[in-house]
Amino acid sequence: MTKIVVPDDFPQAIIGTEAHERLKQCGELKIYSTKAESPKEFVERIKEANIVLNIRAYSKFTEEALRSSTELKMISIWGVGTDNVDLKAAKELGIVVSNTHGASTITIAEHTIALMFAVSRNIPEIHQAVKRGQWPRGYAVELYGKTLGIIGTGLIGQRVCELGNAIGMKVIGWTYHPSEERAKRLGIEFVSLKELLKRADVISIHLRLSPETEGLIGKKEFDLMKPTATLINTARGGIIDQEALVEALRDKKIASAGLDVYPVEPISTDDPLLRLDNVVLTPHCAGMTREAMDTGLNMAVDNIIQYMEGKPIRVVN
């Protein structure tokens, strides 16, 4: 019987869902509802598995982990990001890796817009002030007519583009593969990254983390931005140089930021971001709606079933 392992259902996501019931029918299933304390413990969990359903990005499928898992034939990732898997090693070892591309597009785009409004209207701070019995006054920022710069125009970036247009923002974008057809379809102007950083009032990141994108936004990029600019990141924390971000916020090189992702998660209690009053932080939860979770988990199980039946699946390596 096929051995299937979910090594990282913490915080709990799959247990008790429709996807869980479907996965039970696929083989001998083992679900771990705690986080592995060490890379060694993680390997112990997956080393005899034929198929792994990966829930959390903190699980690192390094070359060493993959080589130690001699029975492993497939990794089905719940989510889009694959930066926690050594894809080159997986391909060399004949391990198929799939993801659930598109499952969280709508909900992550909505969270992106929510962060934009939360930051521009200073909602978290004034909410707390009202609860303390205060009645604060002060100007907020109107998004209508402002320039939204989208870095990365995959499915999520495209949806954010649509929502930005609906708000009445002027949308510009940067991508590795611009085209006139896509620009016309999205109602977007493609520009260089340098021009986007200079022009945008709100900059929203929608790239995968890769060797090419790691640290893409650093000190020199912050120096190009308007002092009134807002930076939104619902992609991956490693795309931004954390030290440069803190400096830019602290020294008012940019006005504010809304962040859902961080280089190290959970964010440390002594992280300097927590001491800044011009940033809104959420705990990597942009994709955490019931709708997106159900869709994504079922897609991850679909990938497993199709793989077992020898049917085409979305292979990322």
# chains A, B, ... in the order shown; residues from 1 in each chain; ligands from 1
>>> closest_atom_pairs(of="range 137-218 of chain A", to="range 96-115 of chain A", cutoff="8 Å", atoms="only C-alpha atoms", output="tab-separated table")
residue	atom	partner	partner_atom	distance
A:Leu155	CA	A:Thr105	CA	6.3
A:Ile156	CA	A:Thr105	CA	4.9
A:Gly157	CA	A:Ala109	CA	7.4
A:Arg159	CA	A:Ala109	CA	6.1
A:Val160	CA	A:Ala109	CA	5.2
A:Leu163	CA	A:Ile113	CA	7.6
A:Gly164	CA	A:Ile113	CA	8.0
A:Ser204	CA	A:Thr112	CA	7.7
>>> residues_around(residues="Ala300 in chain A", least_positions_apart="3", cutoff="8 Å", atoms="only C-alpha atoms", output="list of chain:residue names")
A:Leu53, A:Ser76, A:Ile77, A:Trp78, A:Ser98, A:Asn99, A:Thr100, A:Gly296, A:Leu297, A:Asn303, A:Ile304
>>> write_last_selection(atoms="all heavy atoms", output="PDB file, in the first residue's frame")
ATOM      1  N   LEU A  53       2.510  15.058   1.288  1.00  0.00           N
ATOM      2  CA  LEU A  53       1.715  16.267   1.063  1.00  0.00           C
ATOM      3  C   LEU A  53       2.278  17.336   1.995  1.00  0.00           C
ATOM      4  O   LEU A  53       2.193  17.214   3.212  1.00  0.00           O
ATOM      5  CB  LEU A  53       0.227  16.024   1.345  1.00  0.00           C
ATOM      6  CG  LEU A  53      -0.732  17.087   0.784  1.00  0.00           C
ATOM      7  CD1 LEU A  53      -2.143  16.529   0.659  1.00  0.00           C
ATOM      8  CD2 LEU A  53      -0.766  18.357   1.616  1.00  0.00           C
ATOM      9  N   SER A  76       3.576  16.671  -3.050  1.00  0.00           N
ATOM     10  CA  SER A  76       2.452  17.507  -3.456  1.00  0.00           C
ATOM     11  C   SER A  76       2.380  18.688  -2.504  1.00  0.00           C
ATOM     12  O   SER A  76       2.090  18.526  -1.316  1.00  0.00           O
ATOM     13  CB  SER A  76       1.139  16.710  -3.418  1.00  0.00           C
ATOM     14  OG  SER A  76       0.044  17.533  -3.765  1.00  0.00           O
ATOM     15  N   ILE A  77       2.675  19.881  -3.025  1.00  0.00           N
ATOM     16  CA  ILE A  77       2.716  21.086  -2.191  1.00  0.00           C
ATOM     17  C   ILE A  77       1.349  21.756  -2.170  1.00  0.00           C
ATOM     18  O   ILE A  77       0.741  21.973  -3.225  1.00  0.00           O
ATOM     19  CB  ILE A  77       3.764  22.084  -2.727  1.00  0.00           C
ATOM     20  CG1 ILE A  77       5.164  21.468  -2.696  1.00  0.00           C
ATOM     21  CG2 ILE A  77       3.737  23.384  -1.930  1.00  0.00           C
ATOM     22  CD1 ILE A  77       6.218  22.326  -3.382  1.00  0.00           C
ATOM     23  N   TRP A  78       0.869  22.065  -0.965  1.00  0.00           N
ATOM     24  CA  TRP A  78      -0.324  22.903  -0.838  1.00  0.00           C
ATOM     25  C   TRP A  78       0.156  24.348  -0.876  1.00  0.00           C
ATOM     26  O   TRP A  78       0.738  24.850   0.071  1.00  0.00           O
ATOM     27  CB  TRP A  78      -1.051  22.616   0.482  1.00  0.00           C
ATOM     28  CG  TRP A  78      -2.179  23.557   0.770  1.00  0.00           C
ATOM     29  CD1 TRP A  78      -3.140  23.982  -0.092  1.00  0.00           C
ATOM     30  CD2 TRP A  78      -2.460  24.216   2.011  1.00  0.00           C
ATOM     31  NE1 TRP A  78      -4.006  24.849   0.528  1.00  0.00           N
ATOM     32  CE2 TRP A  78      -3.619  25.007   1.830  1.00  0.00           C
ATOM     33  CE3 TRP A  78      -1.859  24.197   3.275  1.00  0.00           C
ATOM     34  CZ2 TRP A  78      -4.171  25.778   2.841  1.00  0.00           C
ATOM     35  CZ3 TRP A  78      -2.414  24.971   4.282  1.00  0.00           C
ATOM     36  CH2 TRP A  78      -3.563  25.750   4.071  1.00  0.00           C
ATOM     37  N   SER A  98       4.703  18.822  -7.279  1.00  0.00           N
ATOM     38  CA  SER A  98       3.563  19.553  -7.833  1.00  0.00           C
ATOM     39  C   SER A  98       3.113  20.613  -6.840  1.00  0.00           C
ATOM     40  O   SER A  98       3.438  20.540  -5.650  1.00  0.00           O
ATOM     41  CB  SER A  98       2.398  18.595  -8.134  1.00  0.00           C
ATOM     42  OG  SER A  98       1.864  18.067  -6.926  1.00  0.00           O
ATOM     43  N   ASN A  99       2.367  21.603  -7.332  1.00  0.00           N
ATOM     44  CA  ASN A  99       1.812  22.614  -6.434  1.00  0.00           C
ATOM     45  C   ASN A  99       0.361  22.899  -6.794  1.00  0.00           C
ATOM     46  O   ASN A  99      -0.211  22.240  -7.674  1.00  0.00           O
ATOM     47  CB  ASN A  99       2.665  23.883  -6.439  1.00  0.00           C
ATOM     48  CG  ASN A  99       2.600  24.633  -7.762  1.00  0.00           C
ATOM     49  OD1 ASN A  99       1.953  24.212  -8.723  1.00  0.00           O
ATOM     50  ND2 ASN A  99       3.277  25.766  -7.833  1.00  0.00           N
ATOM     51  N   THR A 100      -0.248  23.861  -6.116  1.00  0.00           N
ATOM     52  CA  THR A 100      -1.653  24.178  -6.343  1.00  0.00           C
ATOM     53  C   THR A 100      -1.775  25.589  -6.899  1.00  0.00           C
ATOM     54  O   THR A 100      -2.453  26.447  -6.328  1.00  0.00           O
ATOM     55  CB  THR A 100      -2.485  24.012  -5.049  1.00  0.00           C
ATOM     56  OG1 THR A 100      -1.941  24.850  -4.026  1.00  0.00           O
ATOM     57  CG2 THR A 100      -2.453  22.579  -4.576  1.00  0.00           C
ATOM     58  N   GLY A 296      -7.441  24.703  -2.243  1.00  0.00           N
ATOM     59  CA  GLY A 296      -6.037  24.318  -2.341  1.00  0.00           C
ATOM     60  C   GLY A 296      -5.759  22.915  -1.840  1.00  0.00           C
ATOM     61  O   GLY A 296      -5.025  22.145  -2.466  1.00  0.00           O
ATOM     62  N   LEU A 297      -6.323  22.554  -0.684  1.00  0.00           N
ATOM     63  CA  LEU A 297      -6.107  21.213  -0.135  1.00  0.00           C
ATOM     64  C   LEU A 297      -6.661  20.153  -1.068  1.00  0.00           C
ATOM     65  O   LEU A 297      -6.025  19.103  -1.290  1.00  0.00           O
ATOM     66  CB  LEU A 297      -6.744  21.108   1.249  1.00  0.00           C
ATOM     67  CG  LEU A 297      -6.028  21.876   2.366  1.00  0.00           C
ATOM     68  CD1 LEU A 297      -6.904  21.943   3.610  1.00  0.00           C
ATOM     69  CD2 LEU A 297      -4.676  21.239   2.693  1.00  0.00           C
ATOM     70  N   ASN A 303      -3.804  16.259  -7.161  1.00  0.00           N
ATOM     71  CA  ASN A 303      -2.495  16.002  -7.765  1.00  0.00           C
ATOM     72  C   ASN A 303      -1.978  14.614  -7.399  1.00  0.00           C
ATOM     73  O   ASN A 303      -1.394  13.908  -8.227  1.00  0.00           O
ATOM     74  CB  ASN A 303      -1.495  17.067  -7.324  1.00  0.00           C
ATOM     75  CG  ASN A 303      -1.710  18.397  -8.025  1.00  0.00           C
ATOM     76  OD1 ASN A 303      -2.324  18.457  -9.078  1.00  0.00           O
ATOM     77  ND2 ASN A 303      -1.199  19.468  -7.441  1.00  0.00           N
ATOM     78  N   ILE A 304      -2.192  14.222  -6.138  1.00  0.00           N
ATOM     79  CA  ILE A 304      -1.756  12.902  -5.687  1.00  0.00           C
ATOM     80  C   ILE A 304      -2.534  11.804  -6.403  1.00  0.00           C
ATOM     81  O   ILE A 304      -1.947  10.826  -6.908  1.00  0.00           O
ATOM     82  CB  ILE A 304      -1.922  12.779  -4.154  1.00  0.00           C
ATOM     83  CG1 ILE A 304      -0.892  13.670  -3.445  1.00  0.00           C
ATOM     84  CG2 ILE A 304      -1.767  11.321  -3.697  1.00  0.00           C
ATOM     85  CD1 ILE A 304      -1.087  13.772  -1.943  1.00  0.00           C
TER      86      ILE A 304
END
>>> select_by_dssp(residues="range 138-309 of chain A", states="alpha helix (DSSP H)", output="number ranges by chain")
A: 155-167, 180-186, 193-199, 219-224, 242-250, 290-308
>>> residues_around(residues="Ala13 in chain A", least_positions_apart="5", cutoff="10 Å", atoms="only C-alpha atoms", output="PDB file with N, CA and C atoms, in the first residue's frame")
ATOM      1  N   ASP A   8       3.645  18.091   8.407  1.00  0.00           N
ATOM      2  CA  ASP A   8       3.695  19.455   8.941  1.00  0.00           C
ATOM      3  C   ASP A   8       2.322  20.124   9.011  1.00  0.00           C
ATOM      4  N   HIS A  20      -8.885  15.648   3.740  1.00  0.00           N
ATOM      5  CA  HIS A  20      -8.393  14.610   4.651  1.00  0.00           C
ATOM      6  C   HIS A  20      -9.106  13.284   4.379  1.00  0.00           C
ATOM      7  N   SER A  33       0.807  16.506  13.478  1.00  0.00           N
ATOM      8  CA  SER A  33       0.152  17.773  13.820  1.00  0.00           C
ATOM      9  C   SER A  33       1.013  18.654  14.712  1.00  0.00           C
ATOM     10  N   ILE A  55       2.343  20.839   3.724  1.00  0.00           N
ATOM     11  CA  ILE A  55       1.414  21.882   4.128  1.00  0.00           C
ATOM     12  C   ILE A  55       2.126  23.213   4.354  1.00  0.00           C
ATOM     13  N   ARG A  56       3.254  23.184   5.072  1.00  0.00           N
ATOM     14  CA  ARG A  56       3.883  24.422   5.536  1.00  0.00           C
ATOM     15  C   ARG A  56       5.234  24.679   4.875  1.00  0.00           C
ATOM     16  N   MET A 288      -5.325  32.444   3.920  1.00  0.00           N
ATOM     17  CA  MET A 288      -6.052  31.663   4.914  1.00  0.00           C
ATOM     18  C   MET A 288      -7.525  32.060   4.989  1.00  0.00           C
ATOM     19  N   ARG A 290     -11.366  30.099   4.339  1.00  0.00           N
ATOM     20  CA  ARG A 290     -11.908  28.746   4.236  1.00  0.00           C
ATOM     21  C   ARG A 290     -12.041  28.323   2.778  1.00  0.00           C
ATOM     22  N   MET A 293      -8.520  27.622   1.364  1.00  0.00           N
ATOM     23  CA  MET A 293      -7.956  26.425   1.979  1.00  0.00           C
ATOM     24  C   MET A 293      -8.588  25.163   1.422  1.00  0.00           C
ATOM     25  N   ASP A 294      -9.914  25.152   1.326  1.00  0.00           N
ATOM     26  CA  ASP A 294     -10.597  23.974   0.803  1.00  0.00           C
ATOM     27  C   ASP A 294     -10.208  23.708  -0.650  1.00  0.00           C
ATOM     28  N   LEU A 297      -6.323  22.554  -0.684  1.00  0.00           N
ATOM     29  CA  LEU A 297      -6.107  21.213  -0.135  1.00  0.00           C
ATOM     30  C   LEU A 297      -6.661  20.153  -1.068  1.00  0.00           C
TER      31      LEU A 297
END
>>> residues_around(residues="Ser59 in chain A", least_positions_apart="6", cutoff="10 Å", atoms="only C-alpha atoms", output="list of chain:residue names")
A:Pro7, A:Asp8, A:Lys35, A:Ala36, A:Pro39, A:Phe42, A:Asn84, A:Val85
>>> select_by_dssp(residues="range 23-254 of chain A", states="strand (DSSP E)", output="JSON, numbers by chain")
{"A": [28, 29, 30, 31, 51, 52, 53, 54, 74, 75, 76, 77, 96, 97, 98, 147, 148, 149, 150, 151, 170, 171, 172, 173, 174, 189, 190, 202, 203, 204, 205, 230, 231, 232, 233]}
>>> closest_residue(among="A:Leu148, A:Ala248, A:Thr234, A:Tyr307", to="Pro283 in chain A", atoms="only C-alpha atoms")
A:Thr234
>>> residues_around(residues="Lys253 in chain A", least_positions_apart="2", cutoff="8 Å", atoms="only C-alpha atoms", output="list in words")
Phe222, Asp223, Met225, Lys226, Pro227, Glu247, Ala248, Leu249, Arg250, Asp251 and Ala255 of chain A
>>> atom_distance(atom1="CA of Glu71 in chain A", atom2="CA of Lys47 in chain A")
6.9 Å
>>> residues_around(residues="Arg236 in chain A", least_positions_apart="3", cutoff="10 Å", atoms="only C-alpha atoms", output="list in words")
Gly81, Asp83, Ile205, His206, Leu207, Arg208, Leu209, Ser210, Thr213, Glu214, Asn233, Ile239, Ile240, Leu259, Asp260, Val261, Tyr262, Pro263 and His284 of chain A
>>> residues_around(residues="Val43 in chain A", least_positions_apart="4", cutoff="9 Å", atoms="only C-alpha atoms", output="list of chain:residue names")
A:Ser38, A:Pro39, A:Lys47, A:Phe61, A:Glu64, A:Ala65, A:Leu66, A:Ser68, A:Ser69
